[in-house]
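K.L.:
What follows is a structure written as structure tokens; I'll ask about it next.
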Amino acid sequence: MLLGIGVGYIFRKKNLSFISKVITVLIWILLFVLGLEVGSNPQIVSNLGKLGVDAILITVGALLGSITLAALLWKFVNKSKVE
Amino acid sequence: MRSSLIIVGFFILGSLLGYFGVVPTSFLEGDISFYALGALMFCVGISLGSDPETLKSFKKINPRLLLLPLLTIVGTLVGAAIVGMLLPGRSVVDSMAVGSGLGYYSLSSIFITEFKGAELGTIALLSNISRELLALLLAPLFVKYFGKLAPISAGGATTMDTTLPIIMKFSGKEFMVLSVFHGFVTDLSVPFLVTLFCSI
């Protein structure tokens, strides 16, 4: 990725709009392959419900953690404006 | 939104083809996904490096607010770690690896599948898609109870594209540059954090 940043910076004056299309297609391929792996693995298919619940719980934890700190920063920034 | 649906569509199509055995699984034993992943990282790098204008606009942000991406990452990891402790059968580190996707579901699920297998990769996909959806749907509630920075923090790595319009609507237009900056930093950190928590 760092190599890509360097290359992108050197060629920044060229038209690089095709890159975002390449990215999109690569993501399609990789997600398709991930799907193949999931679908052909009976252990994952039969546990899909539990995996979903785990996924949502992790998300809820992650969201609560990040918005709590965001709320603290928001209070801190506003306090320093008033003073 | 449409592009997200197409991405999820490819995943579902792959799952169905795999489930019904249409595509032979020997197809998966090669290193296709590894090379595609390398190519993907290279292209993401090119698109970041070729846009110096975005980088310049970041200088206008209130220096205290520059802390926000860091707080998002720390808050996410702490929250995910706590859930990982409570969940039976999931380790704390696995849970943190999923959380460190920060809503960037395509990249994080691909990485985690490569390092930890398709099961945790699927959790990463579902978890990070739901993060994006919740960030979109709950933005007004977040502003009301947690302040105007909360929707940005909740959006994680998506705040420079998919969740940006919602953030501008509920937090205000003046948060646009901060939101893009936040998305930029968290986006960049996803591959590093995910690799870190997959290799511990």
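All residue names refer to the structure tokens as shown: chains lettered A, B, ... in order, residues numbered from 1 in each chain, ligands numbered from 1 in order.
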Counting only C-alpha atoms, give me one row per residue of chain B with an atom at most 7 Å from an atom of chain A, showing the shortest contact pair and its distance in Å to one decimal, sorted by chain then residue number, as CSV.

P.N.:
```
residue,atom,partner,partner_atom,distance
B:Ile7,CA,A:Trp28,CA,5.8
B:Phe10,CA,A:Phe32,CA,5.0
B:Phe11,CA,A:Gly35,CA,4.6
B:Ile12,CA,A:Gly35,CA,6.1
B:Leu13,CA,A:Phe32,CA,6.9
B:Gly14,CA,A:Gly35,CA,4.1
B:Ser15,CA,A:Gly39,CA,4.0
B:Leu16,CA,A:Gly39,CA,5.9
B:Leu17,CA,A:Leu36,CA,6.4
B:Gly18,CA,A:Leu36,CA,4.3
B:Tyr19,CA,A:Gly39,CA,4.1
B:Gly21,CA,A:Ser40,CA,6.7
B:Ser33,CA,A:Leu30,CA,6.1
B:Ala36,CA,A:Leu26,CA,6.4
B:Leu40,CA,A:Ile23,CA,5.9
B:Met41,CA,A:Met1,CA,4.8
B:Phe42,CA,A:Gly4,CA,4.5
B:Cys43,CA,A:Gly4,CA,6.2
B:Val44,CA,A:Met1,CA,6.6
B:Gly45,CA,A:Gly4,CA,4.0
B:Ile46,CA,A:Gly8,CA,3.9
B:Ser47,CA,A:Gly8,CA,6.3
B:Leu48,CA,A:Ile5,CA,6.0
B:Gly49,CA,A:Ile5,CA,4.1
B:Ser50,CA,A:Arg12,CA,4.4
B:Asp51,CA,A:Arg12,CA,7.0
B:Leu68,CA,A:Ala70,CA,6.8
B:Leu71,CA,A:Leu69,CA,5.9
B:Thr72,CA,A:Ser66,CA,4.6
B:Gly75,CA,A:Ser66,CA,4.0
B:Thr76,CA,A:Ala62,CA,4.0
B:Leu77,CA,A:Ala62,CA,6.5
B:Val78,CA,A:Gly65,CA,6.4
B:Gly79,CA,A:Gly61,CA,4.3
B:Ala80,CA,A:Ala62,CA,5.0
B:Val83,CA,A:Ile58,CA,5.9
B:Ser95,CA,A:Ile58,CA,6.7
B:Gly99,CA,A:Ala62,CA,6.2
B:Ser106,CA,A:Ile27,CA,6.6
B:Ile110,CA,A:Leu30,CA,6.6
B:Ala118,CA,A:Val38,CA,6.0
B:Glu119,CA,A:Ile44,CA,6.1
B:Ile123,CA,A:Ala55,CA,5.1
B:Ala124,CA,A:Ala55,CA,6.8
B:Leu126,CA,A:Ala55,CA,5.9
B:Ser127,CA,A:Ala55,CA,4.3
B:Ser130,CA,A:Ile56,CA,6.8
B:Arg131,CA,A:Thr59,CA,5.8
B:Phe146,CA,A:Ala71,CA,4.8
B:Gly147,CA,A:Ala71,CA,5.6
B:Leu149,CA,A:Ala70,CA,5.6
B:Ala150,CA,A:Ile67,CA,4.8
B:Ser153,CA,A:Ser66,CA,5.8
B:Ala154,CA,A:Leu63,CA,5.6
```

K.L.:
Output N, CA and C atoms of each residue in that selection to a file, as a short mmCIF file (atom, residue, chain, number, x, y, z; two decimals), in the first residue's frame.

P.N.:
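Output file result_39.cif is given in full below:
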```
data_model
loop_
_atom_site.label_atom_id
_atom_site.label_comp_id
_atom_site.auth_asym_id
_atom_site.auth_seq_id
_atom_site.Cartn_x
_atom_site.Cartn_y
_atom_site.Cartn_z
N ILE B 7 -21.63 -5.06 -3.82
CA ILE B 7 -20.57 -5.79 -3.12
C ILE B 7 -21.15 -6.95 -2.33
N PHE B 10 -22.25 -9.78 -4.56
CA PHE B 10 -21.18 -10.68 -4.98
C PHE B 10 -20.88 -11.72 -3.90
N PHE B 11 -20.92 -11.27 -2.63
CA PHE B 11 -20.69 -12.20 -1.53
C PHE B 11 -21.79 -13.27 -1.49
N ILE B 12 -23.04 -12.83 -1.62
CA ILE B 12 -24.16 -13.78 -1.57
C ILE B 12 -24.11 -14.74 -2.76
N LEU B 13 -23.80 -14.20 -3.93
CA LEU B 13 -23.68 -15.05 -5.13
C LEU B 13 -22.60 -16.13 -4.91
N GLY B 14 -21.45 -15.69 -4.37
CA GLY B 14 -20.37 -16.64 -4.08
C GLY B 14 -20.82 -17.70 -3.09
N SER B 15 -21.54 -17.26 -2.03
CA SER B 15 -22.00 -18.21 -1.01
C SER B 15 -22.91 -19.27 -1.64
N LEU B 16 -23.86 -18.81 -2.47
CA LEU B 16 -24.81 -19.75 -3.08
C LEU B 16 -24.08 -20.73 -3.99
N LEU B 17 -23.18 -20.20 -4.83
CA LEU B 17 -22.44 -21.09 -5.74
C LEU B 17 -21.62 -22.10 -4.95
N GLY B 18 -21.00 -21.64 -3.84
CA GLY B 18 -20.20 -22.53 -3.01
C GLY B 18 -21.09 -23.57 -2.34
N TYR B 19 -22.24 -23.11 -1.86
CA TYR B 19 -23.16 -24.00 -1.13
C TYR B 19 -23.67 -25.13 -2.02
N GLY B 21 -22.24 -26.20 -4.61
CA GLY B 21 -21.14 -26.95 -5.22
C GLY B 21 -20.98 -26.69 -6.71
N SER B 33 -6.69 -15.21 -4.05
CA SER B 33 -7.13 -14.13 -3.18
C SER B 33 -5.93 -13.37 -2.61
N ALA B 36 -4.82 -11.00 -5.42
CA ALA B 36 -5.84 -9.96 -5.60
C ALA B 36 -5.78 -8.97 -4.44
N LEU B 40 -5.06 -5.07 -4.64
CA LEU B 40 -6.03 -4.14 -4.06
C LEU B 40 -5.32 -3.10 -3.20
N MET B 41 -4.39 -3.54 -2.34
CA MET B 41 -3.68 -2.62 -1.48
C MET B 41 -2.86 -1.62 -2.30
N PHE B 42 -2.27 -2.11 -3.38
CA PHE B 42 -1.49 -1.24 -4.25
C PHE B 42 -2.39 -0.14 -4.84
N CYS B 43 -3.57 -0.53 -5.30
CA CYS B 43 -4.49 0.44 -5.91
C CYS B 43 -5.03 1.44 -4.89
N VAL B 44 -5.34 0.95 -3.67
CA VAL B 44 -5.81 1.87 -2.63
C VAL B 44 -4.72 2.90 -2.35
N GLY B 45 -3.47 2.44 -2.28
CA GLY B 45 -2.35 3.35 -2.08
C GLY B 45 -2.26 4.39 -3.18
N ILE B 46 -2.41 3.96 -4.44
CA ILE B 46 -2.34 4.89 -5.56
C ILE B 46 -3.42 5.96 -5.43
N SER B 47 -4.64 5.54 -5.10
CA SER B 47 -5.72 6.53 -5.06
C SER B 47 -5.52 7.51 -3.91
N LEU B 48 -4.90 7.09 -2.81
CA LEU B 48 -4.63 8.02 -1.70
C LEU B 48 -3.51 8.99 -2.07
N GLY B 49 -2.43 8.43 -2.64
CA GLY B 49 -1.26 9.25 -2.94
C GLY B 49 -1.49 10.26 -4.04
N SER B 50 -2.47 10.01 -4.92
CA SER B 50 -2.67 10.89 -6.07
C SER B 50 -3.60 12.05 -5.76
N ASP B 51 -3.97 12.23 -4.49
CA ASP B 51 -4.94 13.27 -4.17
C ASP B 51 -4.39 14.23 -3.12
N LEU B 68 -9.83 13.09 17.18
CA LEU B 68 -11.04 12.25 17.03
C LEU B 68 -10.77 10.86 16.42
N LEU B 71 -9.36 8.60 19.02
CA LEU B 71 -10.36 8.22 20.03
C LEU B 71 -11.33 7.18 19.46
N THR B 72 -11.67 7.33 18.18
CA THR B 72 -12.55 6.35 17.54
C THR B 72 -11.91 4.96 17.59
N GLY B 75 -11.66 3.72 21.31
CA GLY B 75 -12.99 3.38 21.81
C GLY B 75 -13.50 2.09 21.18
N THR B 76 -13.29 1.95 19.87
CA THR B 76 -13.73 0.76 19.16
C THR B 76 -13.03 -0.48 19.70
N LEU B 77 -11.71 -0.38 19.87
CA LEU B 77 -10.95 -1.54 20.33
C LEU B 77 -11.32 -1.93 21.76
N VAL B 78 -11.49 -0.91 22.63
CA VAL B 78 -11.88 -1.22 24.01
C VAL B 78 -13.26 -1.87 24.03
N GLY B 79 -14.20 -1.29 23.28
CA GLY B 79 -15.56 -1.85 23.23
C GLY B 79 -15.55 -3.27 22.69
N ALA B 80 -14.81 -3.51 21.60
CA ALA B 80 -14.75 -4.84 21.01
C ALA B 80 -14.08 -5.83 21.96
N VAL B 83 -16.59 -6.91 24.65
CA VAL B 83 -17.53 -7.90 24.09
C VAL B 83 -16.82 -9.24 23.91
N SER B 95 -12.01 -10.68 18.50
CA SER B 95 -13.04 -9.65 18.56
C SER B 95 -12.45 -8.28 18.21
N GLY B 99 -13.39 -5.73 15.22
CA GLY B 99 -13.69 -4.33 15.50
C GLY B 99 -12.77 -3.38 14.74
N SER B 106 -15.37 -4.41 3.33
CA SER B 106 -14.78 -5.17 2.21
C SER B 106 -13.34 -5.54 2.54
N ILE B 110 -11.85 -9.36 3.94
CA ILE B 110 -10.89 -10.02 3.05
C ILE B 110 -9.59 -10.34 3.80
N ALA B 118 -12.33 -18.26 6.96
CA ALA B 118 -13.59 -17.70 6.46
C ALA B 118 -14.61 -17.45 7.57
N GLU B 119 -14.52 -18.19 8.68
CA GLU B 119 -15.53 -18.00 9.73
C GLU B 119 -15.42 -16.60 10.34
N ILE B 123 -17.80 -13.05 10.09
CA ILE B 123 -18.18 -12.19 11.22
C ILE B 123 -17.74 -10.75 10.94
N ALA B 124 -16.51 -10.60 10.42
CA ALA B 124 -16.01 -9.25 10.12
C ALA B 124 -16.89 -8.56 9.09
N LEU B 126 -20.15 -9.18 8.39
CA LEU B 126 -21.46 -8.85 8.97
C LEU B 126 -21.33 -7.71 9.98
N SER B 127 -20.30 -7.78 10.83
CA SER B 127 -20.14 -6.78 11.87
C SER B 127 -19.88 -5.39 11.28
N SER B 130 -22.90 -3.97 9.52
CA SER B 130 -23.91 -3.46 10.45
C SER B 130 -23.42 -2.16 11.10
N ARG B 131 -22.09 -2.00 11.24
CA ARG B 131 -21.60 -0.73 11.78
C ARG B 131 -21.98 0.43 10.85
N PHE B 146 -24.97 12.09 22.39
CA PHE B 146 -23.50 12.01 22.54
C PHE B 146 -22.79 13.19 21.90
N GLY B 147 -23.52 14.15 21.36
CA GLY B 147 -22.88 15.32 20.77
C GLY B 147 -22.58 15.16 19.29
N LEU B 149 -19.94 15.07 17.52
CA LEU B 149 -18.82 14.27 17.01
C LEU B 149 -19.16 12.79 16.94
N ALA B 150 -20.21 12.38 17.67
CA ALA B 150 -20.51 10.95 17.79
C ALA B 150 -20.82 10.27 16.44
N SER B 153 -17.52 9.51 14.77
CA SER B 153 -16.83 8.41 15.42
C SER B 153 -17.50 7.07 15.10
N ALA B 154 -18.82 7.06 15.12
CA ALA B 154 -19.57 5.83 14.84
C ALA B 154 -19.33 5.35 13.41
#
```

K.L.:
I want to know what sits within 10 Å of B:Ser171, based on only C-alpha atoms, with residues of the same chain fewer than 4 positions away left out; could you give that as a list in words?

P.N.:
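Using only C-alpha atoms, the neighbours found are Ala139, Pro140, Phe142, Val143, Lys144, Gly147, Lys148, Leu149, Ala150, Pro151, Ile152, Ile166, Ile167, Phe175 and Met176 of chain B.
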
K.L.:
What is the distance between atom CA of B:Ala157 and atom CA of B:Met96, in Å to one decimal?

P.N.:
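Separating atom CA of B:Ala157 from atom CA of B:Met96 is a distance of 15.5 Å.
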
K.L.:
Would you list the contacts of B:Asn128 as a PyMOL selection string, taking every protein, DNA or RNA residue within 7 Å and counting only C-alpha atoms, but skipping same-chain residues closer than 3 positions in sequence?

P.N.:
chain B and resi 101-105+124-125+131-132

K.L.:
Go ahead and write the residues just picked, N, CA and C atoms, as an mmCIF file, in the first residue's frame.

P.N.:
```cif
data_model
loop_
_atom_site.group_PDB
_atom_site.id
_atom_site.type_symbol
_atom_site.label_atom_id
_atom_site.label_comp_id
_atom_site.auth_asym_id
_atom_site.auth_seq_id
_atom_site.Cartn_x
_atom_site.Cartn_y
_atom_site.Cartn_z
ATOM 1 N N GLY B 101 -11.880 -3.404 11.893
ATOM 2 C CA GLY B 101 -12.350 -3.118 10.533
ATOM 3 C C GLY B 101 -12.957 -1.724 10.425
ATOM 4 N N LEU B 102 -13.417 -1.164 11.554
ATOM 5 C CA LEU B 102 -13.944 0.207 11.628
ATOM 6 C C LEU B 102 -14.997 0.510 10.559
ATOM 7 N N GLY B 103 -15.771 -0.493 10.161
ATOM 8 C CA GLY B 103 -16.814 -0.265 9.173
ATOM 9 C C GLY B 103 -16.357 -0.484 7.731
ATOM 10 N N TYR B 104 -15.062 -0.703 7.550
ATOM 11 C CA TYR B 104 -14.521 -0.926 6.200
ATOM 12 C C TYR B 104 -14.666 -2.428 5.925
ATOM 13 N N TYR B 105 -15.886 -2.836 5.605
ATOM 14 C CA TYR B 105 -16.179 -4.275 5.633
ATOM 15 C C TYR B 105 -15.514 -5.041 4.500
ATOM 16 N N ALA B 124 -16.510 -10.604 10.415
ATOM 17 C CA ALA B 124 -16.009 -9.253 10.123
ATOM 18 C C ALA B 124 -16.887 -8.563 9.088
ATOM 19 N N LEU B 125 -17.310 -9.316 8.071
ATOM 20 C CA LEU B 125 -18.165 -8.737 7.036
ATOM 21 C C LEU B 125 -19.486 -8.271 7.648
ATOM 22 N N ARG B 131 -22.094 -1.998 11.243
ATOM 23 C CA ARG B 131 -21.603 -0.726 11.783
ATOM 24 C C ARG B 131 -21.977 0.428 10.847
ATOM 25 N N GLU B 132 -21.769 0.208 9.544
ATOM 26 C CA GLU B 132 -22.113 1.258 8.582
ATOM 27 C C GLU B 132 -23.612 1.555 8.620
#
```

K.L.:
Kindly indicate which residue among B:Thr163, B:Val98, B:Ser108, B:Leu178 lies nearest to B:Leu134, using only C-alpha atoms for the distances.

P.N.:
B:Thr163
